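What follows is a short report on a single structure.
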Amino acid sequence: MSSAATRTTGQDHLWSVDDHLEDILATVRPLEPIELQLLDAQGCVLVEDVTVPVSLPPFDNSSMDGYAVRVADVAGASEEYPAVLTVVGDVAAGQAEQPHVGPGQAARIMTGAPLPPGAEAVVPVEWTDGGLGEGPVSGMRAHSAAPEGASGQVHVHRPAEARAHVRAMGSDVKAGDRALEAGTVLGPPQIGLLAAIGRGTVRVRPRPRVVVLSTGSELVQPDEELGAGQIYDSNSFALCAAARDAGAIAYRVGAVADDAETLRATIEDQLIRADLLVTTGGVSVGAYDVVKEALSSVGDEDEAGSGIEFRKLAMQPGKPQGFGSIGPDHTPLLALPGNPVSSYVSFEVFVRPAIRTLMGLKDVHRPTTRATLNADKALTSPSGRRQFLRGTYADGEVTPVGGAGSHLIAALAHADALIVVPEDDTSVELGAEVEVVLLG
């Protein structure tokens, strides 16, 4: 990355998309690991293998509500000739002590309860008379309403093989097994597994904090009344949502007017809570594009490696871009163009990979595929520019949505893919195979 002293050099040089992205990813580093409580670690990336300290399940337990029995005692049982067993007590989930099941005996057992000593199998309650002596039942009466169910006799109408309806200790994972490997993104199932093996905290790379800030005196917040020449600020909402979708904790800052001092002060205020700053607007060549002016002296620009470089990219949409680091902690900042489609495409191509890199993920890019172009006419693309067109993808075909204009928000809202037209292609015929970036 160029230093602060050279941040504005090479303005006429046209950077390739790949070179700009490579520069970004070479500068952005994964965040340092921290120890987090399980629910706080959701969406984070595990930085170490997790080994199972205790088998899961930790003991043999019943998979059914029924009766724990010895196999020999129910051999040959039928509805006509049931096995009649003496009930020696209840075994409930969480119960510390269990009755011993001897010859001719059974223990009423609940799902998840430990298999009591002496028992070899479980017969579901539906295979019995439930101790009522009136034929097969469909369930047990509540213990509080009928405590006598834990004693007396039970008629068993079907035989059971050894270990029938028994979940074996360690049948899920065994002590010493690797439960999760480093690099795993912790979603709900992974959080559940960690809790099940007794882990209350876990070491992860935290979700990056991304601050999104839009610029422009013409911008008005939704629900406010538009004045002459004003438009609603949509970029900060779209990019904040996109940052969250990428896995970040995103903070949206209201639109800042085209005033360099105000913008500079706002950015400096946000540094304390940002692992990455994203601005949108004010990076072109107009007289009121103040982002360049403001960012020329944000934070500690004298630190080695600090500063923002503004570039022109061989890309459509999204030609003007800015990237660098600011402040004493060298917080990375990406300055995106202000047109809605330009800013969103730029986010997908550059910011999303940066966020995923901060998270410590191995694969930071959206999935891509090849698809057949389905369109009313051939696509045209400017020579020497990599074009990203909005499209919808289904069953191996991609169809363009809207035109190439960088202001077409409605078309963007209906797209689920980006059609990539390489720099050397100026036309893509119907039925041609194209590269497609899948957005969702």
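Residues in the structure tokens are numbered from 1 in each chain, the chains being A, B, ... in the order shown, and ligands are numbered from 1 in the order shown.
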*Hey, what's within 8 Å of A:Val345 if we count only C-alpha atoms and toss same-chain stuff fewer than 2 positions away? As a list in words, please?*
Pro317, Gly318, Val341, Ser342, Ser343, Phe347, Glu348, Val349 and Phe388 of chain A
_Neighbour list for A:Gly135 as a count of residues only, cut-off 9 Å, only C-alpha atoms, skip fewer than 5 positions in-chain_ = 6
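Atom CA of A:Gly43 is found 28.4 Å from atom CA of A:Ala394.
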*asked:* When DSSP is applied to the backbone of this structure, which of stretch 114-362 of chain A are assigned strand (DSSP E or B)? Write them out as an MDAnalysis selection string.
replied: chainID A and resid 114 121:124 128 153:156 166:167 173 178:180 185 201:205 209:215 219:220 231:232 249:256 276:280 307:313 315:316 320:326 331:336
*Can you pull out every residue within 6 Å of stretch 199-215 of chain A, counting only C-alpha atoms, but drop anything in the same chain fewer than 6 positions away, and send it as a PyMOL selection string?*
chain A and resi 31+33-38+44-47+236+248-253+255-257+274-281+359
Output file for the residues above (N, CA, C and O atoms, as a compact mmCIF listing (two decimals), in the first residue's frame):
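Result saved to part.txt:
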# COMPACT_ATOMS: atom_id res chain seq x y z
N LEU A 31 -8.29 -10.63 12.61
CA LEU A 31 -8.31 -10.07 13.96
C LEU A 31 -7.70 -11.05 14.96
O LEU A 31 -7.74 -12.26 14.76
N PRO A 33 -7.31 -13.43 18.12
CA PRO A 33 -8.30 -14.28 18.80
C PRO A 33 -8.61 -13.78 20.20
O PRO A 33 -7.77 -13.18 20.87
N ILE A 34 -9.83 -14.05 20.64
CA ILE A 34 -10.25 -13.75 22.01
C ILE A 34 -11.12 -14.90 22.51
O ILE A 34 -11.62 -15.70 21.72
N GLU A 35 -11.29 -14.98 23.82
CA GLU A 35 -12.14 -16.00 24.43
C GLU A 35 -13.52 -15.39 24.64
O GLU A 35 -13.65 -14.32 25.23
N LEU A 36 -14.55 -16.06 24.12
CA LEU A 36 -15.90 -15.55 24.21
C LEU A 36 -16.85 -16.59 24.79
O LEU A 36 -16.65 -17.80 24.63
N GLN A 37 -17.89 -16.09 25.48
CA GLN A 37 -18.98 -16.96 25.88
C GLN A 37 -19.66 -17.52 24.63
O GLN A 37 -19.62 -16.90 23.56
N LEU A 38 -20.28 -18.68 24.77
CA LEU A 38 -20.79 -19.38 23.59
C LEU A 38 -21.70 -18.50 22.72
O LEU A 38 -21.51 -18.41 21.51
N CYS A 44 -18.65 -16.46 14.71
CA CYS A 44 -17.20 -16.30 14.74
C CYS A 44 -16.50 -17.55 14.23
O CYS A 44 -17.10 -18.62 14.13
N VAL A 45 -15.21 -17.41 13.95
CA VAL A 45 -14.41 -18.51 13.43
C VAL A 45 -13.54 -19.08 14.54
O VAL A 45 -12.79 -18.35 15.19
N LEU A 46 -13.64 -20.38 14.74
CA LEU A 46 -12.86 -21.09 15.75
C LEU A 46 -11.38 -21.06 15.37
O LEU A 46 -11.03 -21.26 14.21
N VAL A 47 -10.50 -20.81 16.35
CA VAL A 47 -9.08 -20.72 16.04
C VAL A 47 -8.29 -21.93 16.53
O VAL A 47 -7.08 -22.01 16.33
N SER A 236 -26.01 3.64 2.74
CA SER A 236 -25.56 3.25 4.07
C SER A 236 -26.39 2.09 4.60
O SER A 236 -25.87 1.22 5.32
N ALA A 248 -20.16 -9.49 9.75
CA ALA A 248 -19.64 -8.43 10.61
C ALA A 248 -20.70 -7.91 11.57
O ALA A 248 -21.90 -8.14 11.41
N ILE A 249 -20.23 -7.21 12.59
CA ILE A 249 -21.08 -6.35 13.41
C ILE A 249 -21.01 -4.98 12.76
O ILE A 249 -19.94 -4.36 12.72
N ALA A 250 -22.11 -4.50 12.22
CA ALA A 250 -22.08 -3.28 11.41
C ALA A 250 -22.77 -2.12 12.12
O ALA A 250 -23.80 -2.29 12.76
N TYR A 251 -22.16 -0.95 12.00
CA TYR A 251 -22.71 0.28 12.55
C TYR A 251 -22.93 1.26 11.41
O TYR A 251 -22.02 1.52 10.64
N ARG A 252 -24.12 1.77 11.34
CA ARG A 252 -24.44 2.74 10.29
C ARG A 252 -24.38 4.15 10.86
O ARG A 252 -24.96 4.45 11.90
N VAL A 253 -23.64 5.02 10.16
CA VAL A 253 -23.55 6.43 10.52
C VAL A 253 -24.41 7.22 9.54
O VAL A 253 -24.35 6.99 8.34
N ALA A 255 -25.86 10.07 7.05
CA ALA A 255 -25.16 10.74 5.96
C ALA A 255 -24.49 12.03 6.43
O ALA A 255 -25.05 12.80 7.22
N VAL A 256 -23.28 12.24 5.95
CA VAL A 256 -22.49 13.42 6.29
C VAL A 256 -22.48 14.36 5.10
O VAL A 256 -22.29 13.93 3.96
N ALA A 257 -22.68 15.64 5.36
CA ALA A 257 -22.71 16.63 4.28
C ALA A 257 -21.35 16.77 3.63
O ALA A 257 -20.33 16.32 4.16
N ALA A 274 -14.17 0.81 15.30
CA ALA A 274 -14.10 0.24 13.94
C ALA A 274 -12.88 -0.66 13.76
O ALA A 274 -11.76 -0.28 14.11
N ASP A 275 -13.12 -1.85 13.23
CA ASP A 275 -12.04 -2.68 12.69
C ASP A 275 -11.89 -2.44 11.20
O ASP A 275 -10.86 -2.78 10.61
N LEU A 276 -12.93 -1.86 10.60
CA LEU A 276 -12.92 -1.51 9.19
C LEU A 276 -13.91 -0.38 8.97
O LEU A 276 -15.02 -0.41 9.50
N LEU A 277 -13.49 0.63 8.23
CA LEU A 277 -14.35 1.75 7.87
C LEU A 277 -14.69 1.67 6.39
O LEU A 277 -13.82 1.39 5.56
N VAL A 278 -15.96 1.92 6.07
CA VAL A 278 -16.41 1.94 4.68
C VAL A 278 -17.14 3.24 4.43
O VAL A 278 -18.12 3.54 5.13
N THR A 279 -16.67 4.02 3.48
CA THR A 279 -17.38 5.24 3.08
C THR A 279 -17.95 5.03 1.69
O THR A 279 -17.43 4.24 0.90
N THR A 280 -19.00 5.77 1.39
CA THR A 280 -19.59 5.69 0.06
C THR A 280 -19.90 7.10 -0.42
O THR A 280 -20.50 7.90 0.30
N GLY A 281 -19.43 7.40 -1.63
CA GLY A 281 -19.61 8.73 -2.20
C GLY A 281 -18.37 9.59 -2.05
O GLY A 281 -17.50 9.33 -1.21
N MET A 359 -12.20 -11.93 9.59
CA MET A 359 -12.78 -13.01 10.38
C MET A 359 -11.87 -14.24 10.46
O MET A 359 -12.07 -15.10 11.32
Using only C-alpha atoms, which residues of stretch 111-138 of chain A come within 8 Å of stretch 59-63 of chain A, and what is the closest atom pair for each, with the distance in Å to one decimal? Give it as a Markdown table, sorted by chain and residue number.
| residue | atom | partner | partner_atom | distance |
| --- | --- | --- | --- | --- |
| A:Thr111 | CA | A:Ser63 | CA | 5.1 |
| A:Gly112 | CA | A:Ser62 | CA | 5.2 |
| A:Ala113 | CA | A:Asn61 | CA | 5.2 |
| A:Pro114 | CA | A:Asn61 | CA | 4.2 |
| A:Leu115 | CA | A:Asn61 | CA | 5.0 |
| A:Val122 | CA | A:Ser62 | CA | 6.8 |
*From stretch 193-264 of chain A, collect each residue whose DSSP state is helix (DSSP H, G or I) and return the set as a PyMOL selection string.*
chain A and resi 193-196+235-246+260-264
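The space between atom CA of A:Ala150 and atom CA of A:Thr86 spans 9.8 Å.
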*asked:* Using only C-alpha atoms, which protein or nucleic acid residues come within 12 Å of A:Pro222? Drop anything in the same chain fewer than 5 positions from it, and give the result as an NGL selection string.
replied: :A and (230-237 or 254-255)
Selection export as a PDB file, in the first residue's frame, atoms kept: N, CA and C atoms:
ATOM      1  N   GLN A 230     -33.019  16.710  -3.440  1.00  0.00           N
ATOM      2  CA  GLN A 230     -32.591  15.743  -2.438  1.00  0.00           C
ATOM      3  C   GLN A 230     -33.052  14.327  -2.791  1.00  0.00           C
ATOM      4  N   ILE A 231     -32.324  13.342  -2.274  1.00  0.00           N
ATOM      5  CA  ILE A 231     -32.690  11.936  -2.439  1.00  0.00           C
ATOM      6  C   ILE A 231     -32.507  11.232  -1.094  1.00  0.00           C
ATOM      7  N   TYR A 232     -33.131  10.087  -0.958  1.00  0.00           N
ATOM      8  CA  TYR A 232     -32.979   9.323   0.277  1.00  0.00           C
ATOM      9  C   TYR A 232     -31.644   8.583   0.286  1.00  0.00           C
ATOM     10  N   ASP A 233     -31.064   8.504   1.467  1.00  0.00           N
ATOM     11  CA  ASP A 233     -29.812   7.771   1.644  1.00  0.00           C
ATOM     12  C   ASP A 233     -30.113   6.279   1.678  1.00  0.00           C
ATOM     13  N   SER A 234     -29.775   5.583   0.608  1.00  0.00           N
ATOM     14  CA  SER A 234     -29.978   4.137   0.561  1.00  0.00           C
ATOM     15  C   SER A 234     -28.667   3.367   0.730  1.00  0.00           C
ATOM     16  N   ASN A 235     -27.554   3.984   0.345  1.00  0.00           N
ATOM     17  CA  ASN A 235     -26.276   3.271   0.357  1.00  0.00           C
ATOM     18  C   ASN A 235     -25.888   2.777   1.741  1.00  0.00           C
ATOM     19  N   SER A 236     -26.011   3.643   2.742  1.00  0.00           N
ATOM     20  CA  SER A 236     -25.557   3.248   4.074  1.00  0.00           C
ATOM     21  C   SER A 236     -26.387   2.090   4.604  1.00  0.00           C
ATOM     22  N   PHE A 237     -27.673   2.047   4.256  1.00  0.00           N
ATOM     23  CA  PHE A 237     -28.517   0.934   4.689  1.00  0.00           C
ATOM     24  C   PHE A 237     -28.127  -0.350   3.955  1.00  0.00           C
ATOM     25  N   GLY A 254     -25.213   8.133  10.041  1.00  0.00           N
ATOM     26  CA  GLY A 254     -26.054   8.940   9.157  1.00  0.00           C
ATOM     27  C   GLY A 254     -25.227   9.712   8.146  1.00  0.00           C
ATOM     28  N   ALA A 255     -25.860  10.068   7.047  1.00  0.00           N
ATOM     29  CA  ALA A 255     -25.161  10.737   5.960  1.00  0.00           C
ATOM     30  C   ALA A 255     -24.487  12.027   6.432  1.00  0.00           C
TER      31      ALA A 255
END
_Please compute the atom CA of A:Ile267-atom CA of A:Val28 distance, one decimal, in Å._
18.9 Å
*What's the 8 Å shell around A:Thr368, counting only C-alpha atoms, without same-chain residues fewer than 3 positions away, as a list of chain:residue names?*
A:Glu435, A:Val436, A:Val437, A:Leu438
_Which residue is closest to A:Glu134? Choose from A:Leu373, A:Glu224, A:Pro82, A:Leu180 and count only C-alpha atoms._
A:Pro82
